[in-house]
There are 2 protein chains.
Amino acid sequence: MNVHSFVCKFVFIRLIMDKKQAILKSVLRLVKRDGFYHLNMKKIAEEAGIAAGTIYLYFKGKEDVINALYKMIVTDFNQKVLDGYIESRSVKENFHEMLNNAIQFYLKERDYFSFIEQYTYAPFLFKENQDENFMLLLPIYKMMKEGKKQKVIKNLPDAILLSLIHGSMNTILKLHLAHKTDLNKKGIKQRFYDACWEAIAIAS
Amino acid sequence: MNVHSFVCKFVFIRLIMDKKQAILKSVLRLVKRDGFYHLNMKKIAEEAGIAAGTIYLYFKGKEDVINALYKMIVTDFNQKVLDGYIESRSVKENFHEMLNNAIQFYLKERDYFSFIEQYTYAPFLFKENQDENFMLLLPIYKMMKEGKKQKVIKNLPDAILLSLIHGSMNTILKLHLAHKTDLNKKGIKQRFYDACWEAIAIAS
DNA sequence: AAAATATAAATGAACGTTCATTCATTTGTT
DNA sequence: AACAAATGAATGAACGTTCATTTATATTTT
């Protein structure tokens, strides 16, 4: 393999990825706008500015597209949120940082939230693995475990702590996206973080 | 109108309602089992033990069926949960009672939860009115207001309190239905109620 | 360097299904 | 006989997917 062919191969892969991404981005926009129910291959192609058949060059079919998108979002989410975790910091600081990262993530990529919510509640729609549903909770688990060990977080069952953190985050995002509150206001966000922390922390 | 025709009319209405209910119950079971995506009129008819055309004698079409089901569930939920509200009782007691009613409601009618979750996140799918989404929150609103007035509930923005209560309830139900926890165990349920109350109550 | 050839990428009409809905007909009731 | 209720085959639109064809890109030959 000479340098020339190496460069060619690199460019080749990059282009494939670009088109794959373009298709996934289209799905994202469509699911947000019209919902899963009205999603179809022709629309996806139109939105991506390609022909319907082209999608099948990059994905096995509709299911494959949807699953690929889910995996992309989960990977992106976990990476960005776990980025906020620094061993040396206190649990409280890590909690704030990760919750903030999670909320910022969904505020920045608001289509992600809509997609994830709809995907999660479509039983056996496109799911290869039911446990996938809970992959988004990994960062919270990590933090909870450490907090319990250090006795700064209440010794409640994991499910309850998860509910208080993830559940309330979910709902406040929902309310934000429905314009029932405004997480961009600094005050609201801070008060939410604090309320959330108070809910799970051992009072000092 | 004589007694006979009155009886006839009564029976007539009852039968209509029975068939309507039978159709809605079928939808419920199918949505839980296969998801919204795989729902179709033939399946609904089969599940209800009637012919496909018969559905159109009772509903305008598919959308109408879905919307009717949603309205039925919301009405049922609000009634059953608000049943737990007694003016003379303390806010804390009312909170426990209503949260318990809500959870029992969804545990008893587990198909309801699956349906509501999927319906809520299908943007513009079958929704005549976007604000419908938040109709399930009415009972919580009522309690929150009173609690704030009596200064037993933290003076946080409604959206935050809602998130802590409704959001965490939602997630714990989700975890229960996915067998990640067991709300039927008395201990878990009680600890969840207490944790939830601690999250919103002013420490005494 | 241009032309010819080979390969890859993209297209969109066509296909077979599936679906919601309709309605002429049948079944049940008054 | 008269009416209401239920049927399910028929209909046509919509869908996911395929594939013969076209367009674009790369390679080889002249």
# chains A, B, ... in the order shown; residues from 1 in each chain; ligands from 1
>>> residues_around(residues="stretch 10-17 of chain D", least_positions_apart="4", cutoff="10 Å", atoms="only C-alpha atoms (C1' of nucleotides)", output="PDB file with all heavy atoms, in the first residue's frame")
ATOM      1  N   ASN A  40     -40.835   7.835   7.400  1.00  0.00           N
ATOM      2  CA  ASN A  40     -40.687   6.828   6.353  1.00  0.00           C
ATOM      3  C   ASN A  40     -39.449   7.101   5.507  1.00  0.00           C
ATOM      4  O   ASN A  40     -38.871   8.177   5.546  1.00  0.00           O
ATOM      5  CB  ASN A  40     -41.959   6.728   5.500  1.00  0.00           C
ATOM      6  CG  ASN A  40     -42.205   7.965   4.684  1.00  0.00           C
ATOM      7  OD1 ASN A  40     -41.355   8.416   3.929  1.00  0.00           O
ATOM      8  ND2 ASN A  40     -43.391   8.537   4.847  1.00  0.00           N
ATOM      9  N   MET A  41     -39.051   6.102   4.779  1.00  0.00           N
ATOM     10  CA  MET A  41     -37.772   6.144   4.077  1.00  0.00           C
ATOM     11  C   MET A  41     -37.708   7.256   3.031  1.00  0.00           C
ATOM     12  O   MET A  41     -36.671   7.868   2.824  1.00  0.00           O
ATOM     13  CB  MET A  41     -37.496   4.787   3.435  1.00  0.00           C
ATOM     14  CG  MET A  41     -37.363   3.654   4.437  1.00  0.00           C
ATOM     15  SD  MET A  41     -36.069   3.922   5.649  1.00  0.00           S
ATOM     16  CE  MET A  41     -34.714   3.014   4.910  1.00  0.00           C
ATOM     17  N   LYS A  42     -38.806   7.495   2.383  1.00  0.00           N
ATOM     18  CA  LYS A  42     -38.832   8.537   1.361  1.00  0.00           C
ATOM     19  C   LYS A  42     -38.551   9.902   1.998  1.00  0.00           C
ATOM     20  O   LYS A  42     -37.754  10.681   1.478  1.00  0.00           O
ATOM     21  CB  LYS A  42     -40.204   8.555   0.664  1.00  0.00           C
ATOM     22  CG  LYS A  42     -40.175   9.239  -0.691  1.00  0.00           C
ATOM     23  CD  LYS A  42     -41.406   8.871  -1.500  1.00  0.00           C
ATOM     24  CE  LYS A  42     -41.084   8.813  -2.992  1.00  0.00           C
ATOM     25  NZ  LYS A  42     -42.143   8.157  -3.755  1.00  0.00           N
ATOM     26  N   ALA A  52     -34.036   7.566  -2.300  1.00  0.00           N
ATOM     27  CA  ALA A  52     -34.445   6.580  -1.293  1.00  0.00           C
ATOM     28  C   ALA A  52     -33.515   5.371  -1.291  1.00  0.00           C
ATOM     29  O   ALA A  52     -33.118   4.878  -0.237  1.00  0.00           O
ATOM     30  CB  ALA A  52     -35.882   6.145  -1.538  1.00  0.00           C
ATOM     31  N   GLY A  53     -33.170   4.922  -2.463  1.00  0.00           N
ATOM     32  CA  GLY A  53     -32.332   3.736  -2.572  1.00  0.00           C
ATOM     33  C   GLY A  53     -30.965   3.890  -1.943  1.00  0.00           C
ATOM     34  O   GLY A  53     -30.356   2.915  -1.492  1.00  0.00           O
ATOM     35  N   TYR A  56     -29.979   2.520   1.462  1.00  0.00           N
ATOM     36  CA  TYR A  56     -29.684   1.086   1.588  1.00  0.00           C
ATOM     37  C   TYR A  56     -28.235   0.753   1.263  1.00  0.00           C
ATOM     38  O   TYR A  56     -27.798  -0.367   1.441  1.00  0.00           O
ATOM     39  CB  TYR A  56     -30.648   0.279   0.724  1.00  0.00           C
ATOM     40  CG  TYR A  56     -32.057   0.350   1.255  1.00  0.00           C
ATOM     41  CD1 TYR A  56     -32.892   1.415   0.923  1.00  0.00           C
ATOM     42  CD2 TYR A  56     -32.539  -0.611   2.130  1.00  0.00           C
ATOM     43  CE1 TYR A  56     -34.183   1.509   1.433  1.00  0.00           C
ATOM     44  CE2 TYR A  56     -33.818  -0.528   2.648  1.00  0.00           C
ATOM     45  CZ  TYR A  56     -34.634   0.531   2.299  1.00  0.00           C
ATOM     46  OH  TYR A  56     -35.888   0.624   2.816  1.00  0.00           O
ATOM     47  N   GLY A  61     -31.516  -1.289   6.510  1.00  0.00           N
ATOM     48  CA  GLY A  61     -32.930  -0.958   6.332  1.00  0.00           C
ATOM     49  C   GLY A  61     -33.357   0.054   7.362  1.00  0.00           C
ATOM     50  O   GLY A  61     -32.525   0.660   8.046  1.00  0.00           O
ATOM     51  N   LYS A  62     -34.636   0.213   7.511  1.00  0.00           N
ATOM     52  CA  LYS A  62     -35.169   1.243   8.405  1.00  0.00           C
ATOM     53  C   LYS A  62     -34.748   0.989   9.855  1.00  0.00           C
ATOM     54  O   LYS A  62     -34.271   1.889  10.540  1.00  0.00           O
ATOM     55  CB  LYS A  62     -36.696   1.261   8.294  1.00  0.00           C
ATOM     56  CG  LYS A  62     -37.337   2.487   8.877  1.00  0.00           C
ATOM     57  CD  LYS A  62     -38.852   2.448   8.666  1.00  0.00           C
ATOM     58  CE  LYS A  62     -39.508   3.603   9.396  1.00  0.00           C
ATOM     59  NZ  LYS A  62     -40.973   3.533   9.320  1.00  0.00           N
TER      60      LYS A  62
ATOM     61  P    DC C  15     -43.377  -3.516 -12.010  1.00  0.00           P
ATOM     62  OP1  DC C  15     -43.317  -4.669 -12.916  1.00  0.00           O
ATOM     63  OP2  DC C  15     -44.582  -2.657 -11.948  1.00  0.00           O
ATOM     64  O5'  DC C  15     -43.045  -4.028 -10.544  1.00  0.00           O
ATOM     65  C5'  DC C  15     -41.786  -4.644 -10.255  1.00  0.00           C
ATOM     66  C4'  DC C  15     -41.873  -5.323  -8.906  1.00  0.00           C
ATOM     67  O4'  DC C  15     -41.683  -4.333  -7.873  1.00  0.00           O
ATOM     68  C3'  DC C  15     -43.229  -5.965  -8.660  1.00  0.00           C
ATOM     69  O3'  DC C  15     -43.053  -7.269  -8.151  1.00  0.00           O
ATOM     70  C2'  DC C  15     -43.916  -5.033  -7.662  1.00  0.00           C
ATOM     71  C1'  DC C  15     -42.728  -4.379  -6.946  1.00  0.00           C
ATOM     72  N1   DC C  15     -42.984  -2.980  -6.489  1.00  0.00           N
ATOM     73  C2   DC C  15     -42.465  -2.552  -5.258  1.00  0.00           C
ATOM     74  O2   DC C  15     -41.808  -3.341  -4.585  1.00  0.00           O
ATOM     75  N3   DC C  15     -42.694  -1.286  -4.849  1.00  0.00           N
ATOM     76  C4   DC C  15     -43.405  -0.455  -5.612  1.00  0.00           C
ATOM     77  N4   DC C  15     -43.609   0.789  -5.160  1.00  0.00           N
ATOM     78  C5   DC C  15     -43.950  -0.863  -6.861  1.00  0.00           C
ATOM     79  C6   DC C  15     -43.716  -2.121  -7.261  1.00  0.00           C
ATOM     80  P    DG C  16     -44.282  -8.300  -8.149  1.00  0.00           P
ATOM     81  OP1  DG C  16     -43.861  -9.591  -8.740  1.00  0.00           O
ATOM     82  OP2  DG C  16     -45.486  -7.591  -8.659  1.00  0.00           O
ATOM     83  O5'  DG C  16     -44.444  -8.501  -6.589  1.00  0.00           O
ATOM     84  C5'  DG C  16     -43.271  -8.685  -5.789  1.00  0.00           C
ATOM     85  C4'  DG C  16     -43.616  -8.394  -4.349  1.00  0.00           C
ATOM     86  O4'  DG C  16     -43.766  -6.971  -4.154  1.00  0.00           O
ATOM     87  C3'  DG C  16     -44.926  -9.040  -3.878  1.00  0.00           C
ATOM     88  O3'  DG C  16     -44.667  -9.624  -2.614  1.00  0.00           O
ATOM     89  C2'  DG C  16     -45.916  -7.871  -3.822  1.00  0.00           C
ATOM     90  C1'  DG C  16     -44.989  -6.705  -3.492  1.00  0.00           C
ATOM     91  N9   DG C  16     -45.449  -5.380  -3.940  1.00  0.00           N
ATOM     92  C8   DG C  16     -46.071  -5.060  -5.125  1.00  0.00           C
ATOM     93  N7   DG C  16     -46.343  -3.781  -5.246  1.00  0.00           N
ATOM     94  C5   DG C  16     -45.861  -3.230  -4.059  1.00  0.00           C
ATOM     95  C6   DG C  16     -45.868  -1.883  -3.607  1.00  0.00           C
ATOM     96  O6   DG C  16     -46.318  -0.877  -4.190  1.00  0.00           O
ATOM     97  N1   DG C  16     -45.286  -1.757  -2.350  1.00  0.00           N
ATOM     98  C2   DG C  16     -44.752  -2.802  -1.624  1.00  0.00           C
ATOM     99  N2   DG C  16     -44.246  -2.487  -0.427  1.00  0.00           N
ATOM    100  N3   DG C  16     -44.745  -4.060  -2.023  1.00  0.00           N
ATOM    101  C4   DG C  16     -45.318  -4.203  -3.255  1.00  0.00           C
ATOM    102  P    DT C  17     -45.741 -10.557  -1.915  1.00  0.00           P
ATOM    103  OP1  DT C  17     -45.077 -11.813  -1.543  1.00  0.00           O
ATOM    104  OP2  DT C  17     -46.986 -10.572  -2.748  1.00  0.00           O
ATOM    105  O5'  DT C  17     -46.055  -9.782  -0.572  1.00  0.00           O
ATOM    106  C5'  DT C  17     -46.156  -8.375  -0.636  1.00  0.00           C
ATOM    107  C4'  DT C  17     -45.907  -7.788   0.724  1.00  0.00           C
ATOM    108  O4'  DT C  17     -45.861  -6.379   0.504  1.00  0.00           O
ATOM    109  C3'  DT C  17     -47.067  -8.037   1.679  1.00  0.00           C
ATOM    110  O3'  DT C  17     -46.596  -8.156   3.006  1.00  0.00           O
ATOM    111  C2'  DT C  17     -47.974  -6.856   1.450  1.00  0.00           C
ATOM    112  C1'  DT C  17     -47.046  -5.749   0.936  1.00  0.00           C
ATOM    113  N1   DT C  17     -47.642  -4.974  -0.193  1.00  0.00           N
ATOM    114  C2   DT C  17     -47.765  -3.618  -0.031  1.00  0.00           C
ATOM    115  O2   DT C  17     -47.391  -3.029   0.971  1.00  0.00           O
ATOM    116  N3   DT C  17     -48.349  -2.968  -1.089  1.00  0.00           N
ATOM    117  C4   DT C  17     -48.818  -3.517  -2.256  1.00  0.00           C
ATOM    118  O4   DT C  17     -49.325  -2.816  -3.142  1.00  0.00           O
ATOM    119  C5   DT C  17     -48.660  -4.956  -2.357  1.00  0.00           C
ATOM    120  C7   DT C  17     -49.138  -5.652  -3.585  1.00  0.00           C
ATOM    121  C6   DT C  17     -48.082  -5.597  -1.324  1.00  0.00           C
ATOM    122  P    DT C  18     -47.634  -8.565   4.158  1.00  0.00           P
ATOM    123  OP1  DT C  18     -46.891  -9.238   5.247  1.00  0.00           O
ATOM    124  OP2  DT C  18     -48.821  -9.209   3.538  1.00  0.00           O
ATOM    125  O5'  DT C  18     -48.082  -7.122   4.685  1.00  0.00           O
ATOM    126  C5'  DT C  18     -47.094  -6.129   4.930  1.00  0.00           C
ATOM    127  C4'  DT C  18     -47.794  -4.821   5.263  1.00  0.00           C
ATOM    128  O4'  DT C  18     -48.271  -4.189   4.052  1.00  0.00           O
ATOM    129  C3'  DT C  18     -49.015  -5.004   6.168  1.00  0.00           C
ATOM    130  O3'  DT C  18     -48.900  -4.093   7.244  1.00  0.00           O
ATOM    131  C2'  DT C  18     -50.196  -4.717   5.248  1.00  0.00           C
ATOM    132  C1'  DT C  18     -49.581  -3.722   4.275  1.00  0.00           C
ATOM    133  N1   DT C  18     -50.236  -3.638   2.937  1.00  0.00           N
ATOM    134  C2   DT C  18     -50.497  -2.389   2.404  1.00  0.00           C
ATOM    135  O2   DT C  18     -50.221  -1.347   2.986  1.00  0.00           O
ATOM    136  N3   DT C  18     -51.081  -2.404   1.154  1.00  0.00           N
ATOM    137  C4   DT C  18     -51.430  -3.505   0.412  1.00  0.00           C
ATOM    138  O4   DT C  18     -51.944  -3.369  -0.693  1.00  0.00           O
ATOM    139  C5   DT C  18     -51.140  -4.788   1.020  1.00  0.00           C
ATOM    140  C7   DT C  18     -51.477  -6.055   0.299  1.00  0.00           C
ATOM    141  C6   DT C  18     -50.559  -4.787   2.242  1.00  0.00           C
ATOM    142  P    DC C  19     -49.855  -4.188   8.501  1.00  0.00           P
ATOM    143  OP1  DC C  19     -49.028  -3.967   9.707  1.00  0.00           O
ATOM    144  OP2  DC C  19     -50.678  -5.401   8.356  1.00  0.00           O
ATOM    145  O5'  DC C  19     -50.800  -2.912   8.312  1.00  0.00           O
ATOM    146  C5'  DC C  19     -50.208  -1.638   8.084  1.00  0.00           C
ATOM    147  C4'  DC C  19     -51.231  -0.695   7.514  1.00  0.00           C
ATOM    148  O4'  DC C  19     -51.499  -1.067   6.144  1.00  0.00           O
ATOM    149  C3'  DC C  19     -52.582  -0.760   8.210  1.00  0.00           C
ATOM    150  O3'  DC C  19     -52.668   0.307   9.137  1.00  0.00           O
ATOM    151  C2'  DC C  19     -53.607  -0.612   7.096  1.00  0.00           C
ATOM    152  C1'  DC C  19     -52.789  -0.601   5.813  1.00  0.00           C
ATOM    153  N1   DC C  19     -53.309  -1.514   4.757  1.00  0.00           N
ATOM    154  C2   DC C  19     -53.825  -0.977   3.586  1.00  0.00           C
ATOM    155  O2   DC C  19     -53.851   0.254   3.460  1.00  0.00           O
ATOM    156  N3   DC C  19     -54.294  -1.816   2.626  1.00  0.00           N
ATOM    157  C4   DC C  19     -54.249  -3.130   2.814  1.00  0.00           C
ATOM    158  N4   DC C  19     -54.718  -3.918   1.848  1.00  0.00           N
ATOM    159  C5   DC C  19     -53.721  -3.703   4.014  1.00  0.00           C
ATOM    160  C6   DC C  19     -53.269  -2.867   4.960  1.00  0.00           C
ATOM    161  P    DA C  20     -53.950   0.433  10.082  1.00  0.00           P
ATOM    162  OP1  DA C  20     -53.538   1.140  11.309  1.00  0.00           O
ATOM    163  OP2  DA C  20     -54.604  -0.879  10.168  1.00  0.00           O
ATOM    164  O5'  DA C  20     -54.862   1.416   9.225  1.00  0.00           O
ATOM    165  C5'  DA C  20     -54.408   2.731   8.965  1.00  0.00           C
ATOM    166  C4'  DA C  20     -55.423   3.468   8.134  1.00  0.00           C
ATOM    167  O4'  DA C  20     -55.693   2.713   6.924  1.00  0.00           O
ATOM    168  C3'  DA C  20     -56.771   3.680   8.814  1.00  0.00           C
ATOM    169  O3'  DA C  20     -57.248   4.974   8.469  1.00  0.00           O
ATOM    170  C2'  DA C  20     -57.641   2.562   8.244  1.00  0.00           C
ATOM    171  C1'  DA C  20     -57.062   2.372   6.848  1.00  0.00           C
ATOM    172  N9   DA C  20     -57.117   0.990   6.334  1.00  0.00           N
ATOM    173  C8   DA C  20     -56.796  -0.158   6.993  1.00  0.00           C
ATOM    174  N7   DA C  20     -56.914  -1.255   6.277  1.00  0.00           N
ATOM    175  C5   DA C  20     -57.339  -0.782   5.037  1.00  0.00           C
ATOM    176  C6   DA C  20     -57.654  -1.441   3.826  1.00  0.00           C
ATOM    177  N6   DA C  20     -57.568  -2.768   3.655  1.00  0.00           N
ATOM    178  N1   DA C  20     -58.051  -0.679   2.789  1.00  0.00           N
ATOM    179  C2   DA C  20     -58.126   0.650   2.952  1.00  0.00           C
ATOM    180  N3   DA C  20     -57.857   1.385   4.035  1.00  0.00           N
ATOM    181  C4   DA C  20     -57.470   0.593   5.058  1.00  0.00           C
ATOM    182  P    DT C  21     -58.599   5.521   9.065  1.00  0.00           P
ATOM    183  OP1  DT C  21     -58.508   6.988   9.084  1.00  0.00           O
ATOM    184  OP2  DT C  21     -58.891   4.778  10.296  1.00  0.00           O
ATOM    185  O5'  DT C  21     -59.651   5.120   7.941  1.00  0.00           O
ATOM    186  C5'  DT C  21     -59.451   5.585   6.603  1.00  0.00           C
ATOM    187  C4'  DT C  21     -60.424   4.921   5.668  1.00  0.00           C
ATOM    188  O4'  DT C  21     -60.103   3.522   5.506  1.00  0.00           O
ATOM    189  C3'  DT C  21     -61.899   4.954   6.100  1.00  0.00           C
ATOM    190  O3'  DT C  21     -62.608   5.759   5.179  1.00  0.00           O
ATOM    191  C2'  DT C  21     -62.346   3.498   6.070  1.00  0.00           C
ATOM    192  C1'  DT C  21     -61.292   2.859   5.176  1.00  0.00           C
ATOM    193  N1   DT C  21     -61.067   1.401   5.380  1.00  0.00           N
ATOM    194  C2   DT C  21     -61.295   0.565   4.313  1.00  0.00           C
ATOM    195  O2   DT C  21     -61.676   0.963   3.223  1.00  0.00           O
ATOM    196  N3   DT C  21     -61.056  -0.765   4.575  1.00  0.00           N
ATOM    197  C4   DT C  21     -60.623  -1.326   5.764  1.00  0.00           C
ATOM    198  O4   DT C  21     -60.442  -2.526   5.864  1.00  0.00           O
ATOM    199  C5   DT C  21     -60.407  -0.386   6.843  1.00  0.00           C
ATOM    200  C7   DT C  21     -59.950  -0.880   8.180  1.00  0.00           C
ATOM    201  C6   DT C  21     -60.638   0.911   6.604  1.00  0.00           C
ATOM    202  P    DT C  22     -64.171   5.985   5.350  1.00  0.00           P
ATOM    203  OP1  DT C  22     -64.463   7.358   4.901  1.00  0.00           O
ATOM    204  OP2  DT C  22     -64.587   5.509   6.676  1.00  0.00           O
ATOM    205  O5'  DT C  22     -64.762   4.995   4.247  1.00  0.00           O
ATOM    206  C5'  DT C  22     -64.225   5.026   2.931  1.00  0.00           C
ATOM    207  C4'  DT C  22     -64.920   3.975   2.080  1.00  0.00           C
ATOM    208  O4'  DT C  22     -64.511   2.655   2.498  1.00  0.00           O
ATOM    209  C3'  DT C  22     -66.452   4.003   2.144  1.00  0.00           C
ATOM    210  O3'  DT C  22     -66.946   3.943   0.813  1.00  0.00           O
ATOM    211  C2'  DT C  22     -66.803   2.751   2.962  1.00  0.00           C
ATOM    212  C1'  DT C  22     -65.660   1.826   2.587  1.00  0.00           C
ATOM    213  N1   DT C  22     -65.295   0.761   3.567  1.00  0.00           N
ATOM    214  C2   DT C  22     -65.188  -0.532   3.121  1.00  0.00           C
ATOM    215  O2   DT C  22     -65.396  -0.861   1.967  1.00  0.00           O
ATOM    216  N3   DT C  22     -64.817  -1.445   4.087  1.00  0.00           N
ATOM    217  C4   DT C  22     -64.558  -1.187   5.420  1.00  0.00           C
ATOM    218  O4   DT C  22     -64.238  -2.096   6.177  1.00  0.00           O
ATOM    219  C5   DT C  22     -64.689   0.185   5.823  1.00  0.00           C
ATOM    220  C7   DT C  22     -64.426   0.556   7.240  1.00  0.00           C
ATOM    221  C6   DT C  22     -65.048   1.091   4.893  1.00  0.00           C
ATOM    222  P    DC C  23     -68.404   4.422   0.478  1.00  0.00           P
ATOM    223  OP1  DC C  23     -68.285   5.212  -0.756  1.00  0.00           O
ATOM    224  OP2  DC C  23     -69.034   4.991   1.696  1.00  0.00           O
ATOM    225  O5'  DC C  23     -69.146   3.057   0.147  1.00  0.00           O
ATOM    226  C5'  DC C  23     -68.462   2.028  -0.570  1.00  0.00           C
ATOM    227  C4'  DC C  23     -69.263   0.735  -0.497  1.00  0.00           C
ATOM    228  O4'  DC C  23     -68.803  -0.043   0.632  1.00  0.00           O
ATOM    229  C3'  DC C  23     -70.764   0.932  -0.273  1.00  0.00           C
ATOM    230  O3'  DC C  23     -71.456  -0.086  -0.980  1.00  0.00           O
ATOM    231  C2'  DC C  23     -70.933   0.729   1.226  1.00  0.00           C
ATOM    232  C1'  DC C  23     -69.908  -0.363   1.458  1.00  0.00           C
ATOM    233  N1   DC C  23     -69.387  -0.469   2.846  1.00  0.00           N
ATOM    234  C2   DC C  23     -68.815  -1.680   3.256  1.00  0.00           C
ATOM    235  O2   DC C  23     -68.769  -2.619   2.458  1.00  0.00           O
ATOM    236  N3   DC C  23     -68.340  -1.775   4.519  1.00  0.00           N
ATOM    237  C4   DC C  23     -68.405  -0.722   5.343  1.00  0.00           C
ATOM    238  N4   DC C  23     -67.915  -0.857   6.575  1.00  0.00           N
ATOM    239  C5   DC C  23     -68.986   0.520   4.943  1.00  0.00           C
ATOM    240  C6   DC C  23     -69.456   0.601   3.694  1.00  0.00           C
TER     241       DC C  23
END
>>> residues_around(residues="B:Ile153", least_positions_apart="4", cutoff="7 Å", atoms="only C-alpha atoms (C1' of nucleotides)", output="ChimeraX atom specification")
/B:147-148,200-202
>>> write_last_selection(atoms="N, CA, C and O atoms", output="short mmCIF file (atom, residue, chain, number, x, y, z; two decimals), in the first residue's frame")
data_model
loop_
_atom_site.label_atom_id
_atom_site.label_comp_id
_atom_site.auth_asym_id
_atom_site.auth_seq_id
_atom_site.Cartn_x
_atom_site.Cartn_y
_atom_site.Cartn_z
N GLY B 147 -49.67 22.98 49.84
CA GLY B 147 -48.47 22.77 50.64
C GLY B 147 -47.61 24.02 50.74
O GLY B 147 -47.05 24.34 51.79
N LYS B 148 -47.49 24.74 49.64
CA LYS B 148 -46.72 25.98 49.65
C LYS B 148 -47.39 27.00 50.55
O LYS B 148 -46.71 27.69 51.31
N ILE B 200 -39.24 17.41 48.65
CA ILE B 200 -40.04 18.63 48.44
C ILE B 200 -40.46 19.32 49.73
O ILE B 200 -40.87 20.49 49.69
N ALA B 201 -40.34 18.62 50.85
CA ALA B 201 -40.84 19.19 52.11
C ALA B 201 -39.79 20.05 52.80
O ALA B 201 -38.59 19.82 52.67
N ILE B 202 -40.25 21.04 53.52
CA ILE B 202 -39.35 21.83 54.35
C ILE B 202 -39.01 20.99 55.57
O ILE B 202 -39.91 20.49 56.25
#
>>> atom_distance(atom1="atom CA of B:Gln118", atom2="atom CA of B:Asn170")
12.9 Å
>>> interface_residues(of="chain B", to="chain D", cutoff="12 Å", atoms="only C-alpha atoms (C1' of nucleotides)", output="ChimeraX atom specification")
/B:12,15-16,19,42,45,49-58
>>> write_last_selection(atoms="N, CA and C atoms", output="PDB file, in the first residue's frame")
ATOM      1  N   PHE B  12     -79.472  -0.250  25.439  1.00  0.00           N
ATOM      2  CA  PHE B  12     -78.840   0.138  24.185  1.00  0.00           C
ATOM      3  C   PHE B  12     -77.525   0.891  24.440  1.00  0.00           C
ATOM      4  N   LEU B  15     -74.804  -1.282  25.905  1.00  0.00           N
ATOM      5  CA  LEU B  15     -74.148  -2.161  24.950  1.00  0.00           C
ATOM      6  C   LEU B  15     -73.144  -1.397  24.096  1.00  0.00           C
ATOM      7  N   ILE B  16     -73.577  -0.231  23.646  1.00  0.00           N
ATOM      8  CA  ILE B  16     -72.670   0.623  22.880  1.00  0.00           C
ATOM      9  C   ILE B  16     -71.393   0.853  23.689  1.00  0.00           C
ATOM     10  N   LYS B  19     -69.133  -2.161  23.856  1.00  0.00           N
ATOM     11  CA  LYS B  19     -68.346  -2.446  22.651  1.00  0.00           C
ATOM     12  C   LYS B  19     -67.223  -1.431  22.491  1.00  0.00           C
ATOM     13  N   LYS B  42     -56.879  -3.978  11.798  1.00  0.00           N
ATOM     14  CA  LYS B  42     -57.218  -5.403  11.726  1.00  0.00           C
ATOM     15  C   LYS B  42     -56.885  -6.093  13.055  1.00  0.00           C
ATOM     16  N   ALA B  45     -59.373  -5.158  15.694  1.00  0.00           N
ATOM     17  CA  ALA B  45     -60.635  -5.885  15.508  1.00  0.00           C
ATOM     18  C   ALA B  45     -60.495  -7.331  15.981  1.00  0.00           C
ATOM     19  N   GLY B  49     -62.403  -9.297  18.943  1.00  0.00           N
ATOM     20  CA  GLY B  49     -63.320 -10.331  18.495  1.00  0.00           C
ATOM     21  C   GLY B  49     -64.448  -9.814  17.631  1.00  0.00           C
ATOM     22  N   ILE B  50     -64.143  -8.778  16.838  1.00  0.00           N
ATOM     23  CA  ILE B  50     -65.157  -8.227  15.926  1.00  0.00           C
ATOM     24  C   ILE B  50     -64.543  -8.042  14.544  1.00  0.00           C
ATOM     25  N   ALA B  51     -65.343  -7.605  13.596  1.00  0.00           N
ATOM     26  CA  ALA B  51     -64.825  -7.355  12.256  1.00  0.00           C
ATOM     27  C   ALA B  51     -64.241  -5.947  12.170  1.00  0.00           C
ATOM     28  N   ALA B  52     -63.312  -5.772  11.243  1.00  0.00           N
ATOM     29  CA  ALA B  52     -62.617  -4.489  11.125  1.00  0.00           C
ATOM     30  C   ALA B  52     -63.604  -3.346  10.914  1.00  0.00           C
ATOM     31  N   GLY B  53     -64.591  -3.586  10.061  1.00  0.00           N
ATOM     32  CA  GLY B  53     -65.554  -2.530   9.755  1.00  0.00           C
ATOM     33  C   GLY B  53     -66.344  -2.061  10.967  1.00  0.00           C
ATOM     34  N   THR B  54     -66.523  -2.942  11.922  1.00  0.00           N
ATOM     35  CA  THR B  54     -67.341  -2.617  13.100  1.00  0.00           C
ATOM     36  C   THR B  54     -66.765  -1.454  13.900  1.00  0.00           C
ATOM     37  N   ILE B  55     -65.440  -1.365  13.912  1.00  0.00           N
ATOM     38  CA  ILE B  55     -64.813  -0.281  14.670  1.00  0.00           C
ATOM     39  C   ILE B  55     -65.342   1.071  14.198  1.00  0.00           C
ATOM     40  N   TYR B  56     -65.607   1.151  12.896  1.00  0.00           N
ATOM     41  CA  TYR B  56     -66.030   2.423  12.306  1.00  0.00           C
ATOM     42  C   TYR B  56     -67.476   2.774  12.656  1.00  0.00           C
ATOM     43  N   LEU B  57     -68.183   1.846  13.273  1.00  0.00           N
ATOM     44  CA  LEU B  57     -69.523   2.173  13.764  1.00  0.00           C
ATOM     45  C   LEU B  57     -69.437   2.926  15.084  1.00  0.00           C
ATOM     46  N   TYR B  58     -68.297   2.775  15.759  1.00  0.00           N
ATOM     47  CA  TYR B  58     -68.151   3.369  17.090  1.00  0.00           C
ATOM     48  C   TYR B  58     -67.127   4.492  17.143  1.00  0.00           C
TER      49      TYR B  58
END
>>> interface_residues(of="chain C", to="chain A", cutoff="10 Å", atoms="only C-alpha atoms (C1' of nucleotides)", output="list in words")
DA9, DA10, DT11 and DG12 of chain C
>>> select_by_dssp(residues="stretch 48-172 of chain B", states="helix (DSSP H, G or I)", output="ChimeraX atom specification")
/B:48,52-58,62-82,91-108,110-120,130-149,158-172
